[in-house]
Amino acid sequence: MNSHSSKKPKELSLGESLEETIANPDALDTVFSLAEIGIDEMIEHLMKDVQDEALKEIPVVKTLYAITKTGFAIRDYFLLEKICRFILGCKEVKSEIQEKITQKLSNQKDKKEIGKQIIIALDRFEQIQKTDILLKIFLAFAEEKITDKEFQSYIYVLDKIDINNIKILKIFYLLNILQKRDPVSSIHNTDAQQYAKDIKDNYFHLQNFAFLGLITLNLGSKEEKSDYNYLLRQWISSDEIHPGKFEPNGFGYKFLKIINLINE
């Protein structure tokens, strides 16, 4: 009796299969070619019985196809659209950056963890534009412009932030840059005046940015002062109040720079 049995190939999780696809230039080429007909058509193709054997060998396609066979909800469709968008973005980067992505994902343990983080993030995003921003964060991580800790922190920030209000964060930092560059001239600078007005009109959004660590809330301070009153011929104590204010920080500045909202 033959004791040898064929080993069933290990089934990849969605996160692992995503990273396998991103790290494989040939797989990206195939996905990119298919996507030229449009993301909607690509998704429709995946939801049907995949006849193309080459397509079936793409890790993320194989996993997604297995998922669609068990039932497909609207939420799954939305996630699939975000995954396709993310993959296509990886295909469009320069070859030297693609090499860095492959190198970053060469460790199997890291590949699994990174893939899981990306899939969880994509699944949570309610605004599809966040997919493009996540790609920029991932590329910065692959190029080692940010650390692993920053990568995880920025994913958390992106999940919580409202993309519709991110312009206010950008304006807040641009105003600070203008004021630092020339404090006197910035008072009469029309851009600075408009920035200040926009921030004043949307000041309540700054608290949310502070909660995420993208800006710092300086709580202010109280300083005790003593002055000699010559009329009363005695020292008078008084408190000088320094009110709290929002201030820029390196974490928020780097976030805006990574996602190409500021270039200063």
# chains A, B, ... in the order shown; residues from 1 in each chain; ligands from 1

call {"tool": "residues_around", "arguments": {"residues": "Leu122 (chain A)", "least_positions_apart": "5", "cutoff": "7 Å", "atoms": "only C-alpha atoms", "output": "PyMOL selection string"}}
result
chain A and resi 79+82+131

call {"tool": "residues_around", "arguments": {"residues": "region 158-165 of chain A", "least_positions_apart": "5", "cutoff": "8 Å", "atoms": "only C-alpha atoms", "output": "MDAnalysis selection string"}}
result
chainID A and resid 121 124:125 127 129:130 133:134 205 209 212

call {"tool": "write_last_selection", "arguments": {"atoms": "N, CA and C atoms", "output": "PDB file, in the first residue's frame"}}
result
ATOM      1  N   ALA A 121      -8.112  47.253   7.530  1.00  0.00           N
ATOM      2  CA  ALA A 121      -8.313  48.690   7.294  1.00  0.00           C
ATOM      3  C   ALA A 121      -9.271  48.916   6.128  1.00  0.00           C
ATOM      4  N   ARG A 124     -12.842  48.293   6.989  1.00  0.00           N
ATOM      5  CA  ARG A 124     -13.448  49.267   7.903  1.00  0.00           C
ATOM      6  C   ARG A 124     -13.763  50.599   7.222  1.00  0.00           C
ATOM      7  N   PHE A 125     -13.016  50.925   6.167  1.00  0.00           N
ATOM      8  CA  PHE A 125     -13.193  52.230   5.511  1.00  0.00           C
ATOM      9  C   PHE A 125     -14.597  52.369   4.921  1.00  0.00           C
ATOM     10  N   GLN A 127     -15.298  55.385   3.421  1.00  0.00           N
ATOM     11  CA  GLN A 127     -15.036  56.311   2.314  1.00  0.00           C
ATOM     12  C   GLN A 127     -13.982  55.674   1.407  1.00  0.00           C
ATOM     13  N   GLN A 129     -12.227  56.773  -0.937  1.00  0.00           N
ATOM     14  CA  GLN A 129     -11.016  57.557  -1.196  1.00  0.00           C
ATOM     15  C   GLN A 129      -9.885  57.212  -0.231  1.00  0.00           C
ATOM     16  N   LYS A 130     -10.256  56.652   0.917  1.00  0.00           N
ATOM     17  CA  LYS A 130      -9.240  56.277   1.906  1.00  0.00           C
ATOM     18  C   LYS A 130      -8.326  55.183   1.377  1.00  0.00           C
ATOM     19  N   ILE A 133      -5.280  56.774  -0.060  1.00  0.00           N
ATOM     20  CA  ILE A 133      -4.411  57.312   0.992  1.00  0.00           C
ATOM     21  C   ILE A 133      -3.676  56.173   1.698  1.00  0.00           C
ATOM     22  N   LEU A 134      -4.384  55.063   1.921  1.00  0.00           N
ATOM     23  CA  LEU A 134      -3.742  53.891   2.527  1.00  0.00           C
ATOM     24  C   LEU A 134      -2.591  53.403   1.660  1.00  0.00           C
ATOM     25  N   HIS A 205     -13.371  71.310  14.269  1.00  0.00           N
ATOM     26  CA  HIS A 205     -12.734  70.114  13.704  1.00  0.00           C
ATOM     27  C   HIS A 205     -11.344  69.876  14.294  1.00  0.00           C
ATOM     28  N   PHE A 209      -8.819  66.387  15.295  1.00  0.00           N
ATOM     29  CA  PHE A 209      -7.445  66.167  14.842  1.00  0.00           C
ATOM     30  C   PHE A 209      -6.501  66.006  16.037  1.00  0.00           C
ATOM     31  N   LEU A 212      -6.650  62.569  17.534  1.00  0.00           N
ATOM     32  CA  LEU A 212      -5.907  61.584  16.741  1.00  0.00           C
ATOM     33  C   LEU A 212      -4.399  61.823  16.773  1.00  0.00           C
TER      34      LEU A 212
END

call {"tool": "closest_residue", "arguments": {"among": "A:Ala192, A:Ser153, A:Phe141, A:Ile128", "to": "Tyr173 (chain A)", "atoms": "only C-alpha atoms"}}
result
A:Ala192

call {"tool": "atom_distance", "arguments": {"atom1": "CA of Val157 (chain A)", "atom2": "CA of Phe211 (chain A)"}}
result
9.6 Å

call {"tool": "select_by_dssp", "arguments": {"residues": "region 106-242 of chain A", "states": "strand (DSSP E)", "output": "PyMOL selection string"}}
result
chain A and resi 215-218+221-229+234-242

call {"tool": "atom_distance", "arguments": {"atom1": "CA of Leu175 (chain A)", "atom2": "CA of Phe151 (chain A)"}}
result
26.4 Å

call {"tool": "closest_residue", "arguments": {"among": "A:Asn107, A:Asn208, A:Gln117, A:Gln98", "to": "Ile168 (chain A)", "atoms": "only C-alpha atoms"}}
result
A:Asn208

call {"tool": "closest_atom_pairs", "arguments": {"of": "region 109-205 of chain A", "to": "region 246-259 of chain A", "cutoff": "9 Å", "atoms": "only C-alpha atoms", "output": "CSV"}}
result
residue,atom,partner,partner_atom,distance
A:Asp132,CA,A:Ile259,CA,8.9
A:Ile133,CA,A:Ile259,CA,6.0
A:Leu134,CA,A:Ile259,CA,8.6
A:Lys136,CA,A:Ile259,CA,5.8
A:Ile137,CA,A:Ile258,CA,6.5
A:Ala140,CA,A:Ile258,CA,6.7
A:Lys145,CA,A:Ile258,CA,8.6
A:Ile146,CA,A:Lys254,CA,8.9
A:Glu150,CA,A:Phe251,CA,8.6
A:Tyr154,CA,A:Phe255,CA,7.2
A:Leu169,CA,A:Leu256,CA,8.4
A:Lys170,CA,A:Leu256,CA,7.0
A:Phe172,CA,A:Pro248,CA,7.9
A:Tyr173,CA,A:Pro248,CA,6.6
A:Asn176,CA,A:Pro248,CA,7.5

call {"tool": "atom_distance", "arguments": {"atom1": "CA of Ile155 (chain A)", "atom2": "CA of Leu178 (chain A)"}}
result
28.7 Å

call {"tool": "closest_residue", "arguments": {"among": "A:Asp191, A:Glu81, A:Glu113, A:Glu99", "to": "Leu139 (chain A)", "atoms": "only C-alpha atoms"}}
result
A:Glu99

call {"tool": "select_by_dssp", "arguments": {"residues": "region 126-258 of chain A", "states": "alpha helix (DSSP H)", "output": "PyMOL selection string"}}
result
chain A and resi 130-142+148-160+166-181+190-201+204-211+250-258

call {"tool": "decode", "arguments": {"residues": "region 194-211 of chain A", "atoms": "N, CA, C and O atoms", "output": "CSV table (one decimal), in the first residue's frame"}}
result
chain,number,residue,atom,x,y,z
A,194,GLN,N,-7.0,84.2,4.5
A,194,GLN,CA,-8.0,83.2,4.1
A,194,GLN,C,-7.9,81.9,4.9
A,194,GLN,O,-9.0,81.4,5.4
A,195,TYR,N,-6.7,81.5,5.1
A,195,TYR,CA,-6.5,80.3,6.0
A,195,TYR,C,-7.0,80.5,7.4
A,195,TYR,O,-7.7,79.6,7.9
A,196,ALA,N,-6.7,81.7,7.9
A,196,ALA,CA,-7.1,82.0,9.3
A,196,ALA,C,-8.7,82.0,9.4
A,196,ALA,O,-9.2,81.5,10.4
A,197,LYS,N,-9.3,82.5,8.4
A,197,LYS,CA,-10.8,82.6,8.3
A,197,LYS,C,-11.4,81.2,8.3
A,197,LYS,O,-12.3,80.9,9.0
A,198,ASP,N,-10.8,80.4,7.4
A,198,ASP,CA,-11.3,79.0,7.2
A,198,ASP,C,-11.1,78.2,8.5
A,198,ASP,O,-12.0,77.4,8.9
A,199,ILE,N,-10.0,78.4,9.2
A,199,ILE,CA,-9.8,77.7,10.5
A,199,ILE,C,-10.8,78.2,11.5
A,199,ILE,O,-11.3,77.3,12.3
A,200,LYS,N,-11.0,79.5,11.6
A,200,LYS,CA,-12.0,80.0,12.5
A,200,LYS,C,-13.4,79.5,12.3
A,200,LYS,O,-14.1,79.1,13.3
A,201,ASP,N,-13.7,79.4,11.0
A,201,ASP,CA,-15.1,78.9,10.7
A,201,ASP,C,-15.2,77.4,11.0
A,201,ASP,O,-16.3,76.9,11.1
A,202,ASN,N,-14.1,76.6,11.0
A,202,ASN,CA,-14.1,75.2,11.2
A,202,ASN,C,-13.3,74.8,12.4
A,202,ASN,O,-12.8,73.6,12.5
A,203,TYR,N,-13.3,75.7,13.4
A,203,TYR,CA,-12.4,75.4,14.6
A,203,TYR,C,-12.7,74.2,15.3
A,203,TYR,O,-11.9,73.5,15.9
A,204,PHE,N,-14.0,73.8,15.3
A,204,PHE,CA,-14.4,72.6,16.1
A,204,PHE,C,-13.8,71.3,15.5
A,204,PHE,O,-13.7,70.3,16.3
A,205,HIS,N,-13.4,71.3,14.3
A,205,HIS,CA,-12.7,70.1,13.7
A,205,HIS,C,-11.3,69.9,14.3
A,205,HIS,O,-10.9,68.7,14.3
A,206,LEU,N,-10.7,70.9,14.8
A,206,LEU,CA,-9.3,70.8,15.3
A,206,LEU,C,-9.3,69.9,16.5
A,206,LEU,O,-8.3,69.2,16.7
A,207,GLN,N,-10.4,69.9,17.3
A,207,GLN,CA,-10.4,69.0,18.4
A,207,GLN,C,-10.3,67.5,18.0
A,207,GLN,O,-9.6,66.7,18.7
A,208,ASN,N,-11.0,67.2,16.9
A,208,ASN,CA,-10.9,65.8,16.4
A,208,ASN,C,-9.5,65.4,16.0
A,208,ASN,O,-9.0,64.3,16.2
A,209,PHE,N,-8.8,66.4,15.3
A,209,PHE,CA,-7.4,66.2,14.8
A,209,PHE,C,-6.5,66.0,16.0
A,209,PHE,O,-5.6,65.2,16.0
A,210,ALA,N,-6.8,66.8,17.1
A,210,ALA,CA,-6.0,66.7,18.3
A,210,ALA,C,-6.1,65.3,19.0
A,210,ALA,O,-5.2,64.7,19.5
A,211,PHE,N,-7.4,64.8,19.0
A,211,PHE,CA,-7.7,63.5,19.5
A,211,PHE,C,-6.9,62.4,18.8
A,211,PHE,O,-6.4,61.4,19.5
